[in-house]
Amino acid sequence: MQRAILIVMDSLGVGAMPDAADYGDAGADTFGHIAAQVPDLAIPHLQALGFGNIPHAAGGRFSVADPKGACCRLAEQSKGKDTTTGHWEIAGLETMVPFKTYPEGFPAAFIEKFQEAIGRQVLGNYPASGTVIIEELGDEHEATGKPIVYTSADSVFQIAANTAVIPLEELYHMCEVARKMLVGEWACGRVIARPYIKVDGKRVRTSDRRDYSVAPPDETMLDIIKAAGQPVDAVGKIHDIFDGRGMTKTVHTTDNMDGVDKTIAYMKEDDTGLLFTNLVDFDAKYGHRRDPAGYGQAIMDFDRRIPEILDAMKPGDVLMLTADHGNDPIHAGTDHTREYIPFVAYGKDIRPVVLEDRKTFADIGATICQGLGVPAPRHGTSFLDLIVG
C-alpha cells in the first residue's frame, strides 16, 4: 500500500452494538432500516466491492458471490456515539470518558459570560433539531439579531443565524469565542456554526456550516503519517474534527457530491500517504432529519460515483469505506445511534475476504499505518495481513 483513501460515509451504521440499549438505541440499524424502507435501493457498485457481504448488513440482501474487496464490521470501544469520538477512534484514540452533554441546556453562568463576550443576547439554549428550532425562533432572531443557540444528545454547542442578520464571519467569530470558553467545567466536544438563509420565505440551512472541535488529546494516525513525511489530505469536515492537526492539505465541501469531486481531485495530486474524506450529507441532511428515502437516495448517488473513484485510483492505492457511528432514520428522536460501522477495502493486492467483527474502530488506523510503513497509533490492531494476499 502506498496510499490509503479512507472515505467516511457519515453515520451509515450497520446494526446495534451489544450495549446499544445503554444509549437508548436498542434495535437501531441505519443501513438495514433504510434498505427496508426503500425497496428499490440499488447499490451495484458498493455490492461489487463487498459492502453487502458485511455480516448482518441488511440481512444479506445485497451480498454477492464474488465480491472484489474485503469487508467486516467494527465495534466502538469509546464511550459515546458522536462524530468526534468515532473519527478519533478510527484514527487511534479511544475516549473512555464521554464528552459532557447538556440535556437541560448550557449552564446559565456560561450563557451569561458568552453573551458578554459576543455583545448580544441569545435565544434558545435547549436540545432541538436544527431545522425545527430555526422555525420556532427564526422570527424573533431576525427581528432582534439574537443568535439561536441549541444542543442535542451529543456534546455540541450550536449557533444558528440568518446570514442576512448576522454575517457569516461574525457567526464564525461567535463560534470561536464559544470554543475557547467551552473547556473545564463547561467542556464540550464541538461548537458548530449553523448559518441559514431565507428563500421564498422558507428558511434553508447553507453549506457554510463550520465545526470547531476540541483538539485531540494524543497523537493520531494523521500526526504519525505526517511526521513520517507523507501527505495527509483532508476533505470535508476532517479538518474541523481533528482541529487541523496532522494534515498537509485540507478543503471544505458543500455536499456529498462536492466531497467526491474534491476527493478525486486530491487523488490525482498525490500517490502516497493518507487521503481522508468525510461525506456529511448522510448524517446532517437525512439521518438527523429522519428521512430514510432521502438517505437511501444519497447512498445511491454515492454508489453511482464509485466507478469514477476507482478509475482515479493509482496502482498503490487502497480504497477504504467506513462510517463513524449510526443515525437510524426510523429510530426515535433525531440523534446518532450506537452501532457497528462498516468497513470495505479494495485495491490490487486486497483479497476478497469477510472478516469477523473487529473490537475497535482503531483497527482501521492501525491497518493504515502498517500499510504505509509507519508506527502504529496507541490503540488498535492491524488486520492488514488478513486482507492482503
# chains A, B, ... in the order shown; residues from 1 in each chain; ligands from 1

$ residues_around --residues "segment 20-35 of chain A" --least-positions-apart "5" --cutoff "7 Å" --atoms "only C-alpha atoms" --output "list in words"
Leu12, Gly13, Val14, Gly15, Leu41, Ala57, Ala58, Pro292, Gly296, Gly326, Asn327, Asp328, Pro329, His331, Thr337 and Arg338 of chain A

$ write_last_selection --atoms "C-alpha atoms" --output "PDB file, in the first residue's frame"
ATOM      1  CA  LEU A  12     -24.026   4.743   7.918  1.00  0.00           C
ATOM      2  CA  GLY A  13     -24.112   2.231  10.757  1.00  0.00           C
ATOM      3  CA  VAL A  14     -24.811  -1.461  10.151  1.00  0.00           C
ATOM      4  CA  GLY A  15     -26.620  -2.616  13.268  1.00  0.00           C
ATOM      5  CA  LEU A  41     -32.484   0.711  -3.183  1.00  0.00           C
ATOM      6  CA  ALA A  57     -25.818  -5.890   6.790  1.00  0.00           C
ATOM      7  CA  ALA A  58     -29.466  -5.556   5.714  1.00  0.00           C
ATOM      8  CA  PRO A 292     -34.987   7.213   5.074  1.00  0.00           C
ATOM      9  CA  GLY A 296     -31.386   5.902   0.506  1.00  0.00           C
ATOM     10  CA  GLY A 326     -25.115   5.280  13.215  1.00  0.00           C
ATOM     11  CA  ASN A 327     -28.048   7.611  12.661  1.00  0.00           C
ATOM     12  CA  ASP A 328     -31.034   5.343  12.078  1.00  0.00           C
ATOM     13  CA  PRO A 329     -33.651   7.449  10.267  1.00  0.00           C
ATOM     14  CA  HIS A 331     -35.258   5.381  15.265  1.00  0.00           C
ATOM     15  CA  THR A 337     -27.382   5.718  17.243  1.00  0.00           C
ATOM     16  CA  ARG A 338     -24.858   3.359  18.855  1.00  0.00           C
TER      17      ARG A 338
END

$ select_by_dssp --residues "segment 264-307 of chain A" --states "helix (DSSP H, G or I)" --output "MDAnalysis selection string"
chainID A and resid 264:269 281:287 292:307

$ write_last_selection --atoms "N, CA and C atoms" --output "compact mmCIF listing (two decimals), in the first residue's frame"
# COMPACT_ATOMS: atom_id res chain seq x y z
N ILE A 264 -11.57 13.04 -5.62
CA ILE A 264 -10.97 12.63 -6.89
C ILE A 264 -9.87 13.61 -7.31
N ALA A 265 -10.10 14.89 -7.07
CA ALA A 265 -9.07 15.88 -7.40
C ALA A 265 -7.80 15.64 -6.60
N TYR A 266 -7.93 15.35 -5.31
CA TYR A 266 -6.75 15.06 -4.49
C TYR A 266 -6.11 13.74 -4.90
N MET A 267 -6.91 12.78 -5.33
CA MET A 267 -6.36 11.50 -5.78
C MET A 267 -5.39 11.71 -6.95
N LYS A 268 -5.67 12.71 -7.76
CA LYS A 268 -4.83 12.97 -8.93
C LYS A 268 -3.56 13.74 -8.57
N GLU A 269 -3.55 14.37 -7.38
CA GLU A 269 -2.40 15.19 -6.98
C GLU A 269 -1.30 14.40 -6.29
N ASP A 281 -23.48 14.55 4.29
CA ASP A 281 -24.91 14.66 3.99
C ASP A 281 -25.72 13.50 4.56
N PHE A 282 -25.15 12.28 4.53
CA PHE A 282 -25.89 11.13 5.06
C PHE A 282 -26.41 11.44 6.46
N ASP A 283 -25.56 12.01 7.28
CA ASP A 283 -25.90 12.31 8.67
C ASP A 283 -26.72 13.59 8.79
N ALA A 284 -26.18 14.69 8.27
CA ALA A 284 -26.77 16.01 8.53
C ALA A 284 -28.11 16.21 7.82
N LYS A 285 -28.20 15.75 6.59
CA LYS A 285 -29.41 16.02 5.81
C LYS A 285 -30.49 14.95 5.94
N TYR A 286 -30.08 13.71 6.25
CA TYR A 286 -31.06 12.63 6.19
C TYR A 286 -31.20 11.84 7.48
N GLY A 287 -30.09 11.56 8.17
CA GLY A 287 -30.19 10.85 9.45
C GLY A 287 -30.87 11.68 10.50
N PRO A 292 -35.59 8.42 5.66
CA PRO A 292 -34.99 7.21 5.07
C PRO A 292 -34.95 7.24 3.55
N ALA A 293 -35.96 7.82 2.93
CA ALA A 293 -35.96 7.88 1.46
C ALA A 293 -34.82 8.76 0.96
N GLY A 294 -34.64 9.91 1.59
CA GLY A 294 -33.54 10.79 1.20
C GLY A 294 -32.19 10.16 1.46
N TYR A 295 -32.09 9.45 2.59
CA TYR A 295 -30.84 8.76 2.93
C TYR A 295 -30.54 7.70 1.87
N GLY A 296 -31.56 6.94 1.53
CA GLY A 296 -31.39 5.90 0.51
C GLY A 296 -30.94 6.48 -0.82
N GLN A 297 -31.54 7.61 -1.20
CA GLN A 297 -31.14 8.26 -2.45
C GLN A 297 -29.69 8.73 -2.38
N ALA A 298 -29.28 9.24 -1.21
CA ALA A 298 -27.90 9.69 -1.04
C ALA A 298 -26.92 8.53 -1.19
N ILE A 299 -27.29 7.36 -0.67
CA ILE A 299 -26.43 6.18 -0.83
C ILE A 299 -26.33 5.81 -2.31
N MET A 300 -27.45 5.84 -3.01
CA MET A 300 -27.44 5.52 -4.45
C MET A 300 -26.64 6.55 -5.24
N ASP A 301 -26.74 7.82 -4.85
CA ASP A 301 -25.97 8.86 -5.53
C ASP A 301 -24.47 8.61 -5.35
N PHE A 302 -24.08 8.24 -4.14
CA PHE A 302 -22.67 7.92 -3.90
C PHE A 302 -22.26 6.68 -4.68
N ASP A 303 -23.11 5.68 -4.69
CA ASP A 303 -22.80 4.45 -5.42
C ASP A 303 -22.50 4.74 -6.88
N ARG A 304 -23.24 5.65 -7.48
CA ARG A 304 -23.02 5.96 -8.89
C ARG A 304 -21.68 6.64 -9.15
N ARG A 305 -21.08 7.21 -8.11
CA ARG A 305 -19.78 7.88 -8.27
C ARG A 305 -18.59 6.93 -8.06
N ILE A 306 -18.85 5.75 -7.55
CA ILE A 306 -17.75 4.83 -7.23
C ILE A 306 -16.91 4.49 -8.46
N PRO A 307 -17.50 4.25 -9.64
CA PRO A 307 -16.63 3.98 -10.80
C PRO A 307 -15.63 5.10 -11.08

$ residues_around --residues "Ala345 of chain A" --least-positions-apart "2" --cutoff "8 Å" --atoms "only C-alpha atoms" --output "number ranges by chain"
A: 49, 69-71, 318-321, 343, 347, 350

$ residues_around --residues "segment 212-216 of chain A" --least-positions-apart "2" --cutoff "6 Å" --atoms "only C-alpha atoms" --output "CSV table (one decimal) with N, CA, C and O atoms, in the first residue's frame"
chain,number,residue,atom,x,y,z
A,189,GLY,N,-17.6,18.9,23.3
A,189,GLY,CA,-16.8,18.3,22.2
A,189,GLY,C,-16.7,19.2,21.0
A,189,GLY,O,-15.6,19.3,20.4
A,190,ARG,N,-17.8,19.8,20.5
A,190,ARG,CA,-17.8,20.5,19.3
A,190,ARG,C,-18.7,21.8,19.4
A,190,ARG,O,-19.7,21.8,20.1
A,191,VAL,N,-18.3,22.8,18.8
A,191,VAL,CA,-19.1,24.0,18.5
A,191,VAL,C,-19.4,24.0,17.0
A,191,VAL,O,-18.4,23.8,16.2
A,218,ASP,N,-4.1,13.2,22.2
A,218,ASP,CA,-2.9,12.4,21.9
A,218,ASP,C,-2.7,12.4,20.4
A,218,ASP,O,-3.6,12.8,19.6
A,240,ASP,N,-12.0,20.0,10.7
A,240,ASP,CA,-12.6,20.5,11.9
A,240,ASP,C,-12.6,19.5,13.0
A,240,ASP,O,-12.4,19.8,14.2
A,241,ILE,N,-12.8,18.2,12.7
A,241,ILE,CA,-12.9,17.2,13.7
A,241,ILE,C,-11.6,17.0,14.4
A,241,ILE,O,-11.5,16.7,15.6
A,243,ASP,N,-9.2,19.4,14.6
A,243,ASP,CA,-8.7,20.7,14.9
A,243,ASP,C,-7.5,21.1,14.1
A,243,ASP,O,-6.6,21.8,14.5

$ closest_residue --among "A:Arg179, A:Lys79, A:Arg61, A:Arg210" --to "Phe110 of chain A" --atoms "only C-alpha atoms"
A:Arg179

$ decode --residues "segment 77-93 of chain A" --atoms "all heavy atoms" --output "compact mmCIF listing (two decimals), in the first residue's frame"
# COMPACT_ATOMS: atom_id res chain seq x y z
N GLN A 77 -15.16 1.02 21.00
CA GLN A 77 -14.74 0.86 22.38
C GLN A 77 -14.96 2.13 23.19
O GLN A 77 -15.18 2.07 24.39
CB GLN A 77 -13.27 0.48 22.43
CG GLN A 77 -12.99 -0.97 22.07
CD GLN A 77 -13.70 -1.94 22.99
OE1 GLN A 77 -13.56 -1.87 24.21
NE2 GLN A 77 -14.47 -2.85 22.41
N SER A 78 -14.92 3.27 22.54
CA SER A 78 -15.09 4.55 23.23
C SER A 78 -16.50 4.67 23.80
O SER A 78 -17.43 3.99 23.35
CB SER A 78 -14.84 5.71 22.27
OG SER A 78 -13.51 5.69 21.78
N LYS A 79 -16.63 5.54 24.77
CA LYS A 79 -17.93 5.81 25.36
C LYS A 79 -18.56 7.00 24.62
O LYS A 79 -18.11 8.13 24.74
CB LYS A 79 -17.79 6.14 26.85
CG LYS A 79 -17.09 5.06 27.65
CD LYS A 79 -17.81 3.72 27.56
CE LYS A 79 -17.12 2.66 28.40
NZ LYS A 79 -17.75 1.33 28.25
N GLY A 80 -19.56 6.70 23.83
CA GLY A 80 -20.21 7.76 23.07
C GLY A 80 -20.67 7.26 21.72
O GLY A 80 -20.49 6.09 21.36
N LYS A 81 -21.28 8.15 20.98
CA LYS A 81 -21.76 7.81 19.64
C LYS A 81 -21.76 9.06 18.76
O LYS A 81 -22.61 9.22 17.89
CB LYS A 81 -23.16 7.20 19.72
CG LYS A 81 -24.19 8.06 20.48
CD LYS A 81 -25.57 7.42 20.49
CE LYS A 81 -26.59 8.30 21.22
NZ LYS A 81 -27.95 7.73 21.18
N ASP A 82 -20.80 9.93 19.00
CA ASP A 82 -20.76 11.20 18.28
C ASP A 82 -19.67 11.19 17.22
O ASP A 82 -18.82 10.29 17.17
CB ASP A 82 -20.55 12.37 19.25
CG ASP A 82 -19.24 12.25 20.01
OD1 ASP A 82 -19.23 11.57 21.05
OD2 ASP A 82 -18.24 12.81 19.55
N THR A 83 -19.68 12.21 16.38
CA THR A 83 -18.76 12.31 15.26
C THR A 83 -17.31 12.36 15.71
O THR A 83 -16.45 11.64 15.18
CB THR A 83 -19.08 13.58 14.44
OG1 THR A 83 -20.38 13.42 13.85
CG2 THR A 83 -18.06 13.82 13.36
N THR A 84 -17.00 13.21 16.67
CA THR A 84 -15.62 13.36 17.12
C THR A 84 -15.10 12.05 17.70
O THR A 84 -14.01 11.58 17.34
CB THR A 84 -15.50 14.49 18.16
OG1 THR A 84 -15.96 15.71 17.58
CG2 THR A 84 -14.07 14.65 18.63
N THR A 85 -15.86 11.44 18.59
CA THR A 85 -15.45 10.19 19.22
C THR A 85 -15.21 9.11 18.17
O THR A 85 -14.21 8.38 18.22
CB THR A 85 -16.51 9.72 20.22
OG1 THR A 85 -16.66 10.71 21.25
CG2 THR A 85 -16.13 8.41 20.87
N GLY A 86 -16.11 9.00 17.19
CA GLY A 86 -15.98 7.98 16.16
C GLY A 86 -14.76 8.17 15.29
O GLY A 86 -13.99 7.23 15.04
N HIS A 87 -14.56 9.39 14.80
CA HIS A 87 -13.40 9.67 13.95
C HIS A 87 -12.09 9.51 14.73
O HIS A 87 -11.11 8.98 14.19
CB HIS A 87 -13.48 11.08 13.36
CG HIS A 87 -14.39 11.19 12.18
ND1 HIS A 87 -15.76 11.23 12.29
CD2 HIS A 87 -14.12 11.30 10.85
CE1 HIS A 87 -16.30 11.36 11.09
NE2 HIS A 87 -15.32 11.40 10.20
N TRP A 88 -12.07 10.00 15.96
CA TRP A 88 -10.85 9.86 16.75
C TRP A 88 -10.51 8.38 16.97
O TRP A 88 -9.34 7.99 16.90
CB TRP A 88 -11.02 10.56 18.10
CG TRP A 88 -10.92 12.04 18.06
CD1 TRP A 88 -10.83 12.85 16.96
CD2 TRP A 88 -10.87 12.91 19.20
NE1 TRP A 88 -10.75 14.17 17.34
CE2 TRP A 88 -10.76 14.24 18.71
CE3 TRP A 88 -10.92 12.71 20.57
CZ2 TRP A 88 -10.71 15.35 19.55
CZ3 TRP A 88 -10.86 13.81 21.43
CH2 TRP A 88 -10.75 15.11 20.91
N GLU A 89 -11.53 7.55 17.23
CA GLU A 89 -11.23 6.14 17.44
C GLU A 89 -10.72 5.50 16.16
O GLU A 89 -9.77 4.69 16.20
CB GLU A 89 -12.46 5.40 17.96
CG GLU A 89 -12.16 3.93 18.28
CD GLU A 89 -13.19 3.26 19.16
OE1 GLU A 89 -13.65 3.90 20.13
OE2 GLU A 89 -13.52 2.08 18.89
N ILE A 90 -11.29 5.83 15.01
CA ILE A 90 -10.77 5.33 13.74
C ILE A 90 -9.29 5.65 13.61
O ILE A 90 -8.49 4.85 13.13
CB ILE A 90 -11.55 5.94 12.56
CG1 ILE A 90 -12.97 5.35 12.49
CG2 ILE A 90 -10.82 5.72 11.23
CD1 ILE A 90 -13.89 6.08 11.52
N ALA A 91 -8.91 6.85 14.08
CA ALA A 91 -7.53 7.33 13.94
C ALA A 91 -6.61 6.90 15.08
O ALA A 91 -5.46 7.33 15.14
CB ALA A 91 -7.54 8.84 13.83
N GLY A 92 -7.12 6.07 16.01
CA GLY A 92 -6.25 5.50 17.03
C GLY A 92 -6.42 6.03 18.44
O GLY A 92 -5.64 5.66 19.32
N LEU A 93 -7.43 6.86 18.69
CA LEU A 93 -7.70 7.36 20.04
C LEU A 93 -8.98 6.73 20.57
O LEU A 93 -9.97 6.65 19.85
CB LEU A 93 -7.87 8.88 20.04
CG LEU A 93 -6.67 9.75 19.71
CD1 LEU A 93 -7.07 11.22 19.81
CD2 LEU A 93 -5.53 9.47 20.66
